Amino acid sequence: MEITWYGLSCFRITERGKISIVTDPYDPAIGLPKRNLKADVVTVSHDAPGHNFLKAVKVGRRVIDGPGEFEIGGVFITGVRRVSKKEKENGTVPKTLYVFNFDGLTIAHLGNMATVPSQAQIEELGTVSIALVPVGGGEALNPSMAAEVISLIEPSIVVPMHYKTADDGPELSTVAGFLKEMGISEQDSLPSLSVTKSSLTEETQVIVLTPPS
């Protein structure tokens, strides 16, 4: 499996012989590079310009933008709606988390999660191999909250997302605060993540990805 990060909450997930998935394509008007992506399936965590720009994705895509269970091309996709009490009171746009199951290798895309879930809510996600976690604050998890969520999920791999990567992008913090929270002083970044079930470890690893220029 290969996972490529394009900035904010946008990833492309591919596996040989399976469908390709793009998560949360963003509108370049928010200040990040324009993307022209291809995928069989597009997931949208919530209806906002940083997460719902479907024009960025071509080919025979199927769009999933809410909760439910789906089986597409041998991949099981579960959408879980998460709205906190505070978000309900504020009339916040509903948000959806997604779990992608590629023959037992599971990826949880936490979208624009803004609060730390309960243990019961975490258990709804099942066993998570790889967690794509917002860490830059704004309307999503800040570094300390992200670290707490990771301690609850206990994935093999964490890939931080939704943090500042461009001077003119969204007003978020950089990844440095999250790495400090996780006790990591220095971390090299990778252009993409290649992973198999056999390469997973019991100890949680943090992998920082660099978006293509």
# chains A, B, ... in the order shown; residues from 1 in each chain; ligands from 1
call {"tool": "residues_around", "arguments": {"residues": "A:Gly104", "least_positions_apart": "2", "cutoff": "10 Å", "atoms": "only C-alpha atoms", "output": "short mmCIF file (atom, residue, chain, number, x, y, z; two decimals) with C-alpha atoms, in the first residue's frame"}}
result
data_model
loop_
_atom_site.label_atom_id
_atom_site.label_comp_id
_atom_site.auth_asym_id
_atom_site.auth_seq_id
_atom_site.Cartn_x
_atom_site.Cartn_y
_atom_site.Cartn_z
CA VAL A 75 -12.20 -2.48 0.12
CA PHE A 76 -14.53 -2.00 3.09
CA PHE A 100 -10.66 1.89 5.13
CA ASN A 101 -10.06 -1.85 5.42
CA PHE A 102 -7.71 -3.31 2.81
CA THR A 106 -6.90 -0.59 8.26
CA ILE A 107 -6.53 3.15 7.86
CA THR A 127 -8.39 -2.05 15.25
CA VAL A 128 -6.55 0.74 13.45
CA SER A 129 -3.24 0.01 11.69
CA LYS A 197 0.77 -5.77 7.17
#
call {"tool": "select_by_dssp", "arguments": {"residues": "stretch 95-212 of chain A", "states": "helix (DSSP H, G or I)", "output": "list in words"}}
result
Gln119, Ala120, Gln121, Ile122, Glu123, Glu124, Pro143, Ser144, Met145, Ala146, Ala147, Glu148, Val149, Ile150, Ser151, Leu152, Ile153, Ala176, Gly177, Phe178, Leu179, Lys180, Glu181, Lys197, Ser198 and Ser199 of chain A
call {"tool": "closest_residue", "arguments": {"among": "A:Lys164, A:Leu125, A:Ile3, A:Leu209", "to": "A:Ala108", "atoms": "only C-alpha atoms"}}
result
A:Leu125
call {"tool": "closest_residue", "arguments": {"among": "A:Val195, A:Leu97, A:Val135, A:Met145", "to": "A:Ser173", "atoms": "only C-alpha atoms"}}
result
A:Val135
call {"tool": "closest_residue", "arguments": {"among": "A:Ile30, A:Ile157, A:Leu152, A:Ile64", "to": "A:Ala48", "atoms": "only C-alpha atoms"}}
result
A:Ile30
call {"tool": "closest_residue", "arguments": {"among": "A:Val63, A:Ile19, A:Ala166, A:Leu193", "to": "A:Glu2", "atoms": "only C-alpha atoms"}}
result
A:Leu193
call {"tool": "closest_residue", "arguments": {"among": "A:Met1, A:Leu110, A:Val158, A:Val175", "to": "A:Thr43", "atoms": "only C-alpha atoms"}}
result
A:Leu110
call {"tool": "residues_around", "arguments": {"residues": "stretch 182-189 of chain A", "least_positions_apart": "5", "cutoff": "8 Å", "atoms": "only C-alpha atoms", "output": "ChimeraX atom specification"}}
result
/A:147,207-210
call {"tool": "write_last_selection", "arguments": {"atoms": "C-alpha atoms", "output": "tab-separated table (two decimals), in the first residue's frame"}}
result
chain	number	residue	atom	x	y	z
A	147	ALA	CA	-1.54	12.94	21.23
A	207	ILE	CA	5.69	9.22	9.99
A	208	VAL	CA	5.78	12.78	8.65
A	209	LEU	CA	5.02	13.13	4.94
A	210	THR	CA	5.95	15.98	2.60
call {"tool": "residues_around", "arguments": {"residues": "A:Pro49", "least_positions_apart": "4", "cutoff": "7 Å", "atoms": "only C-alpha atoms", "output": "MDAnalysis selection string"}}
result
chainID A and resid 26:27 53
call {"tool": "closest_residue", "arguments": {"among": "A:Leu141, A:Leu179, A:Ile77, A:Val159", "to": "A:Asp103", "atoms": "only C-alpha atoms"}}
result
A:Ile77
call {"tool": "atom_distance", "arguments": {"atom1": "atom CA of A:Gly60", "atom2": "atom CA of A:Lys38"}}
result
8.6 Å
call {"tool": "residues_around", "arguments": {"residues": "A:Lys95", "least_positions_apart": "6", "cutoff": "10 Å", "atoms": "only C-alpha atoms", "output": "list in words"}}
result
Val44, Ser45, His46, Asp47, Asp65, Gly66, Pro67, Gly79, Val80, Arg81, Arg82, Val83, Ser84, Glu87, Leu110, Gly111, Asn112, Met113 and Ala114 of chain A
call {"tool": "select_by_dssp", "arguments": {"residues": "stretch 99-177 of chain A", "states": "strand (DSSP E)", "output": "CSV table (one decimal) with N, CA and C atoms, in the first residue's frame"}}
result
chain,number,residue,atom,x,y,z
A,99,VAL,N,-12.9,4.8,8.1
A,99,VAL,CA,-12.0,3.7,8.2
A,99,VAL,C,-12.0,2.8,6.9
A,100,PHE,N,-10.8,2.7,6.4
A,100,PHE,CA,-10.7,1.9,5.1
A,100,PHE,C,-10.0,0.6,5.5
A,101,ASN,N,-10.6,-0.5,5.1
A,101,ASN,CA,-10.1,-1.8,5.4
A,101,ASN,C,-9.6,-2.5,4.1
A,102,PHE,N,-8.3,-2.6,4.0
A,102,PHE,CA,-7.7,-3.3,2.8
A,102,PHE,C,-7.2,-4.7,3.3
A,105,LEU,N,-5.6,-4.6,6.6
A,105,LEU,CA,-4.7,-3.4,6.9
A,105,LEU,C,-5.7,-2.2,6.9
A,106,THR,N,-5.9,-1.6,8.1
A,106,THR,CA,-6.9,-0.6,8.3
A,106,THR,C,-6.3,0.8,8.4
A,107,ILE,N,-6.9,1.8,7.8
A,107,ILE,CA,-6.5,3.2,7.9
A,107,ILE,C,-7.7,4.0,8.4
A,108,ALA,N,-7.5,4.7,9.4
A,108,ALA,CA,-8.5,5.6,9.9
A,108,ALA,C,-8.2,7.1,9.6
A,109,HIS,N,-9.0,7.7,8.8
A,109,HIS,CA,-8.9,9.1,8.4
A,109,HIS,C,-9.8,9.9,9.4
A,130,ILE,N,-3.2,2.2,10.8
A,130,ILE,CA,-2.6,3.5,10.4
A,130,ILE,C,-3.6,4.6,10.7
A,131,ALA,N,-3.3,5.6,11.5
A,131,ALA,CA,-4.2,6.7,11.8
A,131,ALA,C,-3.7,8.0,11.2
A,132,LEU,N,-4.5,8.6,10.4
A,132,LEU,CA,-4.2,9.9,9.8
A,132,LEU,C,-4.9,11.0,10.6
A,133,VAL,N,-4.1,11.8,11.4
A,133,VAL,CA,-4.6,12.5,12.5
A,133,VAL,C,-4.4,14.0,12.3
A,134,PRO,N,-5.4,14.9,12.5
A,134,PRO,CA,-5.2,16.3,12.4
A,134,PRO,C,-4.5,16.8,13.7
A,157,ILE,N,1.0,3.0,13.1
A,157,ILE,CA,1.6,4.2,12.4
A,157,ILE,C,0.7,5.4,12.6
A,158,VAL,N,1.2,6.5,12.9
A,158,VAL,CA,0.5,7.8,12.9
A,158,VAL,C,1.1,8.7,11.8
A,159,VAL,N,0.2,9.2,10.9
A,159,VAL,CA,0.6,10.2,10.0
A,159,VAL,C,-0.1,11.5,10.3
A,160,PRO,N,0.6,12.6,10.8
A,160,PRO,CA,0.0,13.8,11.1
A,160,PRO,C,-0.5,14.5,9.8
A,161,MET,N,-1.6,15.3,10.0
A,161,MET,CA,-2.2,16.0,8.8
A,161,MET,C,-2.8,17.3,9.4
call {"tool": "residues_around", "arguments": {"residues": "A:Asp167", "least_positions_apart": "3", "cutoff": "10 Å", "atoms": "only C-alpha atoms", "output": "list in words"}}
result
Gly31, Leu32, Lys164, Pro170 and Glu171 of chain A
